[in-house]
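Raw model01.pdb, PDB, C-alpha atoms, pLDDT in the B column:
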ATOM      1  CA  MET W   1    -155.431 -12.213  22.389  1.00 59.00           C
ATOM      2  CA  THR W   2    -158.019 -14.041  24.484  1.00 84.00           C
ATOM      3  CA  VAL W   3    -161.192 -13.588  22.483  1.00 92.00           C
ATOM      4  CA  HIS W   4    -164.439 -15.052  23.651  1.00 95.00           C
ATOM      5  CA  ILE W   5    -168.058 -14.962  22.506  1.00 97.00           C
ATOM      6  CA  GLU W   6    -170.782 -14.519  25.062  1.00 97.00           C
ATOM      7  CA  LEU W   7    -174.546 -14.280  25.150  1.00 97.00           C
ATOM      8  CA  ASP W   8    -175.379 -10.600  25.504  1.00 97.00           C
ATOM      9  CA  ASP W   9    -178.184  -8.894  27.415  1.00 96.00           C
ATOM     10  CA  LEU W  10    -177.792  -5.622  25.464  1.00 97.00           C
ATOM     11  CA  THR W  11    -177.232  -3.479  28.563  1.00 97.00           C
ATOM     12  CA  ARG W  12    -173.604  -2.360  28.122  1.00 96.00           C
ATOM     13  CA  PRO W  13    -172.799   1.062  26.620  1.00 96.00           C
ATOM     14  CA  ALA W  14    -170.039  -0.384  24.398  1.00 95.00           C
ATOM     15  CA  VAL W  15    -172.588  -2.676  22.748  1.00 96.00           C
ATOM     16  CA  HIS W  16    -175.005   0.232  22.316  1.00 95.00           C
ATOM     17  CA  ARG W  17    -172.242   2.245  20.562  1.00 94.00           C
ATOM     18  CA  LEU W  18    -171.372  -0.643  18.245  1.00 94.00           C
ATOM     19  CA  LEU W  19    -175.009  -1.103  17.281  1.00 94.00           C
ATOM     20  CA  ALA W  20    -175.436   2.651  16.736  1.00 93.00           C
ATOM     21  CA  ASP W  21    -172.379   2.619  14.441  1.00 92.00           C
ATOM     22  CA  HIS W  22    -173.873  -0.356  12.594  1.00 92.00           C
ATOM     23  CA  LEU W  23    -177.179   1.433  12.023  1.00 91.00           C
ATOM     24  CA  ALA W  24    -175.386   4.635  10.968  1.00 89.00           C
ATOM     25  CA  ASP W  25    -173.400   2.719   8.331  1.00 87.00           C
ATOM     26  CA  MET W  26    -176.529   0.982   7.080  1.00 87.00           C
ATOM     27  CA  HIS W  27    -178.302   4.328   6.658  1.00 88.00           C
ATOM     28  CA  ALA W  28    -175.223   5.869   5.024  1.00 88.00           C
ATOM     29  CA  THR W  29    -175.020   3.133   2.377  1.00 89.00           C
ATOM     30  CA  SER W  30    -178.662   2.203   1.686  1.00 90.00           C
ATOM     31  CA  PRO W  31    -181.917   4.091   1.212  1.00 89.00           C
ATOM     32  CA  ALA W  32    -184.004   4.139   4.393  1.00 87.00           C
ATOM     33  CA  GLU W  33    -186.616   1.747   2.958  1.00 90.00           C
ATOM     34  CA  SER W  34    -183.838  -0.785   2.288  1.00 91.00           C
ATOM     35  CA  VAL W  35    -182.295  -0.729   5.778  1.00 92.00           C
ATOM     36  CA  HIS W  36    -183.355  -3.911   7.562  1.00 93.00           C
ATOM     37  CA  ALA W  37    -180.944  -3.749  10.510  1.00 90.00           C
ATOM     38  CA  LEU W  38    -182.658  -4.045  13.874  1.00 91.00           C
ATOM     39  CA  ASP W  39    -182.365  -1.278  16.409  1.00 92.00           C
ATOM     40  CA  LEU W  40    -181.835  -1.973  20.097  1.00 93.00           C
ATOM     41  CA  SER W  41    -185.532  -2.588  20.760  1.00 94.00           C
ATOM     42  CA  GLY W  42    -185.727  -4.967  17.785  1.00 95.00           C
ATOM     43  CA  LEU W  43    -182.740  -6.910  19.085  1.00 96.00           C
ATOM     44  CA  ARG W  44    -184.431  -7.243  22.482  1.00 97.00           C
ATOM     45  CA  ARG W  45    -187.415  -9.103  21.028  1.00 97.00           C
ATOM     46  CA  PRO W  46    -187.917 -12.603  22.444  1.00 97.00           C
ATOM     47  CA  ASP W  47    -187.293 -14.240  19.047  1.00 97.00           C
ATOM     48  CA  VAL W  48    -183.799 -12.685  18.802  1.00 98.00           C
ATOM     49  CA  THR W  49    -180.619 -13.900  20.500  1.00 98.00           C
ATOM     50  CA  MET W  50    -177.525 -11.670  20.568  1.00 98.00           C
ATOM     51  CA  TRP W  51    -173.876 -12.560  21.137  1.00 98.00           C
ATOM     52  CA  THR W  52    -170.876 -10.297  21.481  1.00 97.00           C
ATOM     53  CA  LEU W  53    -167.196 -10.946  20.826  1.00 97.00           C
ATOM     54  CA  TRP W  54    -164.647  -9.631  23.320  1.00 97.00           C
ATOM     55  CA  ASP W  55    -160.882  -9.483  23.765  1.00 94.00           C
ATOM     56  CA  ASP W  56    -160.731  -9.319  27.542  1.00 90.00           C
ATOM     57  CA  ASP W  57    -162.903  -6.226  28.166  1.00 90.00           C
ATOM     58  CA  ALA W  58    -162.665  -4.732  24.652  1.00 94.00           C
ATOM     59  CA  LEU W  59    -165.736  -5.253  22.465  1.00 96.00           C
ATOM     60  CA  LEU W  60    -164.756  -6.516  19.010  1.00 96.00           C
ATOM     61  CA  GLY W  61    -168.057  -7.485  17.411  1.00 96.00           C
ATOM     62  CA  CYS W  62    -171.570  -8.823  17.605  1.00 97.00           C
ATOM     63  CA  VAL W  63    -174.015 -11.098  15.848  1.00 97.00           C
ATOM     64  CA  ALA W  64    -177.651 -12.056  16.366  1.00 97.00           C
ATOM     65  CA  VAL W  65    -180.061 -14.733  15.214  1.00 98.00           C
ATOM     66  CA  ARG W  66    -183.770 -14.201  14.783  1.00 97.00           C
ATOM     67  CA  GLU W  67    -185.901 -17.324  14.924  1.00 97.00           C
ATOM     68  CA  LEU W  68    -188.220 -17.318  11.919  1.00 97.00           C
ATOM     69  CA  SER W  69    -189.708 -20.716  12.741  1.00 97.00           C
ATOM     70  CA  PRO W  70    -188.680 -23.717  14.837  1.00 97.00           C
ATOM     71  CA  VAL W  71    -186.473 -24.843  11.931  1.00 97.00           C
ATOM     72  CA  ASP W  72    -185.424 -21.555  10.277  1.00 97.00           C
ATOM     73  CA  GLY W  73    -183.216 -18.744  11.537  1.00 98.00           C
ATOM     74  CA  GLU W  74    -182.078 -15.399  10.197  1.00 98.00           C
ATOM     75  CA  LEU W  75    -178.637 -13.924  10.756  1.00 97.00           C
ATOM     76  CA  LYS W  76    -178.903 -10.317  11.994  1.00 97.00           C
ATOM     77  CA  SER W  77    -176.589  -7.501  13.134  1.00 94.00           C
ATOM     78  CA  MET W  78    -173.259  -9.079  12.230  1.00 94.00           C
ATOM     79  CA  ARG W  79    -170.642  -6.421  12.878  1.00 92.00           C
ATOM     80  CA  THR W  80    -166.996  -6.060  13.900  1.00 92.00           C
ATOM     81  CA  VAL W  81    -165.395  -2.848  15.107  1.00 91.00           C
ATOM     82  CA  ALA W  82    -163.508  -1.052  12.326  1.00 85.00           C
ATOM     83  CA  GLU W  83    -160.092  -1.373  13.956  1.00 86.00           C
ATOM     84  CA  ALA W  84    -160.489  -5.161  14.290  1.00 82.00           C
ATOM     85  CA  ARG W  85    -161.482  -5.913  10.680  1.00 83.00           C
ATOM     86  CA  GLY W  86    -159.356  -8.275   8.647  1.00 82.00           C
ATOM     87  CA  ARG W  87    -158.451 -10.438  11.650  1.00 86.00           C
ATOM     88  CA  GLY W  88    -160.914 -13.270  11.015  1.00 89.00           C
ATOM     89  CA  LEU W  89    -163.347 -12.148  13.708  1.00 93.00           C
ATOM     90  CA  GLY W  90    -166.326 -12.123  11.349  1.00 93.00           C
ATOM     91  CA  ARG W  91    -165.530 -15.761  10.573  1.00 95.00           C
ATOM     92  CA  LEU W  92    -165.553 -16.567  14.314  1.00 95.00           C
ATOM     93  CA  LEU W  93    -168.939 -14.903  14.762  1.00 96.00           C
ATOM     94  CA  LEU W  94    -170.401 -16.602  11.699  1.00 97.00           C
ATOM     95  CA  GLU W  95    -169.109 -20.028  12.722  1.00 97.00           C
ATOM     96  CA  HIS W  96    -170.591 -19.489  16.187  1.00 97.00           C
ATOM     97  CA  VAL W  97    -174.020 -18.718  14.731  1.00 97.00           C
ATOM     98  CA  ILE W  98    -173.905 -21.693  12.353  1.00 97.00           C
ATOM     99  CA  ALA W  99    -173.027 -23.989  15.275  1.00 97.00           C
ATOM    100  CA  GLU W 100    -175.860 -22.482  17.337  1.00 97.00           C
ATOM    101  CA  ALA W 101    -178.291 -23.003  14.448  1.00 97.00           C
ATOM    102  CA  GLN W 102    -177.226 -26.662  14.312  1.00 97.00           C
ATOM    103  CA  ARG W 103    -177.651 -26.994  18.081  1.00 97.00           C
ATOM    104  CA  ARG W 104    -181.156 -25.536  17.824  1.00 97.00           C
ATOM    105  CA  GLY W 105    -182.081 -27.988  15.083  1.00 97.00           C
ATOM    106  CA  TYR W 106    -182.580 -25.401  12.357  1.00 98.00           C
ATOM    107  CA  ARG W 107    -182.616 -26.740   8.831  1.00 98.00           C
ATOM    108  CA  ARG W 108    -181.883 -23.351   7.247  1.00 98.00           C
ATOM    109  CA  LEU W 109    -180.087 -20.132   8.131  1.00 98.00           C
ATOM    110  CA  SER W 110    -180.773 -17.107   5.917  1.00 98.00           C
ATOM    111  CA  LEU W 111    -179.746 -13.462   5.773  1.00 98.00           C
ATOM    112  CA  GLU W 112    -180.299 -10.161   4.028  1.00 97.00           C
ATOM    113  CA  THR W 113    -177.356  -7.923   3.220  1.00 96.00           C
ATOM    114  CA  GLY W 114    -176.764  -4.954   0.977  1.00 94.00           C
ATOM    115  CA  SER W 115    -176.023  -5.114  -2.733  1.00 95.00           C
ATOM    116  CA  GLN W 116    -173.633  -2.141  -2.610  1.00 93.00           C
ATOM    117  CA  ASP W 117    -169.824  -2.481  -2.744  1.00 93.00           C
ATOM    118  CA  PHE W 118    -169.669  -1.657   0.985  1.00 91.00           C
ATOM    119  CA  PHE W 119    -171.203  -5.100   1.660  1.00 93.00           C
ATOM    120  CA  ALA W 120    -168.966  -7.079  -0.756  1.00 94.00           C
ATOM    121  CA  PRO W 121    -166.602  -8.355   1.983  1.00 93.00           C
ATOM    122  CA  ALA W 122    -169.595  -9.632   3.972  1.00 94.00           C
ATOM    123  CA  ARG W 123    -171.087 -11.344   0.907  1.00 97.00           C
ATOM    124  CA  ARG W 124    -167.721 -13.045   0.229  1.00 96.00           C
ATOM    125  CA  LEU W 125    -167.522 -14.222   3.857  1.00 96.00           C
ATOM    126  CA  TYR W 126    -171.032 -15.655   3.688  1.00 98.00           C
ATOM    127  CA  ALA W 127    -170.309 -17.390   0.361  1.00 98.00           C
ATOM    128  CA  ARG W 128    -167.124 -18.964   1.799  1.00 97.00           C
ATOM    129  CA  HIS W 129    -169.333 -20.454   4.537  1.00 97.00           C
ATOM    130  CA  GLY W 130    -171.823 -22.049   2.186  1.00 98.00           C
ATOM    131  CA  PHE W 131    -174.413 -19.294   1.787  1.00 98.00           C
ATOM    132  CA  THR W 132    -175.846 -18.902  -1.704  1.00 98.00           C
ATOM    133  CA  GLU W 133    -178.118 -16.231  -3.127  1.00 98.00           C
ATOM    134  CA  CYS W 134    -181.819 -16.949  -2.856  1.00 98.00           C
ATOM    135  CA  PRO W 135    -185.168 -15.208  -3.363  1.00 97.00           C
ATOM    136  CA  PRO W 136    -186.509 -12.974  -0.588  1.00 97.00           C
ATOM    137  CA  PHE W 137    -187.606 -14.943   2.483  1.00 96.00           C
ATOM    138  CA  GLY W 138    -189.808 -14.171   5.476  1.00 93.00           C
ATOM    139  CA  ASP W 139    -191.292 -10.678   5.169  1.00 92.00           C
ATOM    140  CA  TYR W 140    -188.699  -9.439   2.654  1.00 96.00           C
ATOM    141  CA  THR W 141    -189.594  -8.404  -0.888  1.00 95.00           C
ATOM    142  CA  LEU W 142    -187.502  -7.940  -4.013  1.00 95.00           C
ATOM    143  CA  ASP W 143    -185.243  -4.924  -3.538  1.00 95.00           C
ATOM    144  CA  PRO W 144    -182.317  -3.913  -5.787  1.00 95.00           C
ATOM    145  CA  ASN W 145    -180.466  -2.743  -2.661  1.00 95.00           C
ATOM    146  CA  SER W 146    -180.676  -6.166  -0.982  1.00 96.00           C
ATOM    147  CA  VAL W 147    -179.041  -9.539  -1.532  1.00 97.00           C
ATOM    148  CA  TYR W 148    -180.695 -12.535   0.118  1.00 98.00           C
ATOM    149  CA  MET W 149    -178.602 -15.570   0.994  1.00 98.00           C
ATOM    150  CA  THR W 150    -179.274 -18.910   2.640  1.00 98.00           C
ATOM    151  CA  ARG W 151    -177.641 -22.207   3.540  1.00 98.00           C
ATOM    152  CA  GLU W 152    -178.761 -25.505   4.892  1.00 97.00           C
ATOM    153  CA  VAL W 153    -177.644 -26.168   8.417  1.00 96.00           C
TER     154      VAL W 153
END

As structure tokens, how would this structure be written, given the file I've shared?
Amino acid sequence: MTVHIELDDLTRPAVHRLLADHLADMHATSPAESVHALDLSGLRRPDVTMWTLWDDDALLGCVAVRELSPVDGELKSMRTVAEARGRGLGRLLLEHVIAEAQRRGYRRLSLETGSQDFFAPARRLYARHGFTECPPFGDYTLDPNSVYMTREV
């Protein structure tokens, strides 16, 4: 396996399908008002950077960072394809984003994820990488369907 992470311009159909699957899962597991995943237009905003993970020409996953301020970032759209789960690819994506946050000089990296069982593996991954639960940040408000996490970079 020759996996690599690359900056993505969000033009490839495989990436569009992965993001559509991501949004479909978010809407299937959370009430609409509690879905905070960005759609394609949201991911194309100038304050968002997207990376994709590939094995040769097969898309395996994606992750994005939204710049909240010059020193704070938010993890967005972390996703691996279903058939590639359990192979440590989420860890690779998360470590890439943490390293990028350090390179950018962020002091904090935060995220919002679901409180449902569906999101438990993601919450465990984040906790293993130093994220701890925190109050809502940015524009978020208290929501029983959301868990907010943060870590110093």

Residue among W:Val71, W:Leu94, W:Ala122, W:Leu89 lying closest to W:Arg108, counting only C-alpha atoms: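 Of the candidates, the smallest distance to W:Arg108 is held by W:Val71.
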
Result set, the PyMOL selection byres ((chain W and resi 70) around 12) on current file, as a ChimeraX atom specification: /W:47,66-69,71-74,101-109

Residues matched by the PyMOL selection byres ((chain W and resi 50-65) around 9), written as JSON, numbers by chain: {"W": [1, 2, 3, 4, 5, 6, 7, 8, 9, 10, 14, 15, 18, 19, 43, 44, 47, 48, 49, 66, 67, 73, 74, 75, 76, 77, 78, 79, 80, 81, 82, 83, 84, 85, 89, 90, 92, 93, 94, 97, 101, 109]}

Given the PyMOL selection byres ((chain W and resi 23-34) around 12), the residues it picks as a ChimeraX atom specification: /W:16-22,35-40,76-79,81-82,112-119,140-147

Please save C-alpha atoms of the selected residues as a tab-separated table (two decimals), keeping the file's coordinate frame.
chain	number	residue	atom	x	y	z
W	16	HIS	CA	-175.00	0.23	22.32
W	17	ARG	CA	-172.24	2.24	20.56
W	18	LEU	CA	-171.37	-0.64	18.24
W	19	LEU	CA	-175.01	-1.10	17.28
W	20	ALA	CA	-175.44	2.65	16.74
W	21	ASP	CA	-172.38	2.62	14.44
W	22	HIS	CA	-173.87	-0.36	12.59
W	35	VAL	CA	-182.30	-0.73	5.78
W	36	HIS	CA	-183.36	-3.91	7.56
W	37	ALA	CA	-180.94	-3.75	10.51
W	38	LEU	CA	-182.66	-4.04	13.87
W	39	ASP	CA	-182.36	-1.28	16.41
W	40	LEU	CA	-181.84	-1.97	20.10
W	76	LYS	CA	-178.90	-10.32	11.99
W	77	SER	CA	-176.59	-7.50	13.13
W	78	MET	CA	-173.26	-9.08	12.23
W	79	ARG	CA	-170.64	-6.42	12.88
W	81	VAL	CA	-165.40	-2.85	15.11
W	82	ALA	CA	-163.51	-1.05	12.33
W	112	GLU	CA	-180.30	-10.16	4.03
W	113	THR	CA	-177.36	-7.92	3.22
W	114	GLY	CA	-176.76	-4.95	0.98
W	115	SER	CA	-176.02	-5.11	-2.73
W	116	GLN	CA	-173.63	-2.14	-2.61
W	117	ASP	CA	-169.82	-2.48	-2.74
W	118	PHE	CA	-169.67	-1.66	0.98
W	119	PHE	CA	-171.20	-5.10	1.66
W	140	TYR	CA	-188.70	-9.44	2.65
W	141	THR	CA	-189.59	-8.40	-0.89
W	142	LEU	CA	-187.50	-7.94	-4.01
W	143	ASP	CA	-185.24	-4.92	-3.54
W	144	PRO	CA	-182.32	-3.91	-5.79
W	145	ASN	CA	-180.47	-2.74	-2.66
W	146	SER	CA	-180.68	-6.17	-0.98
W	147	VAL	CA	-179.04	-9.54	-1.53

One-decimal distance in Å that lies between atom CA of W:Thr150 and atom CA of W:Gly130: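 Atom CA of W:Gly130 sits 8.1 Å away from atom CA of W:Thr150.
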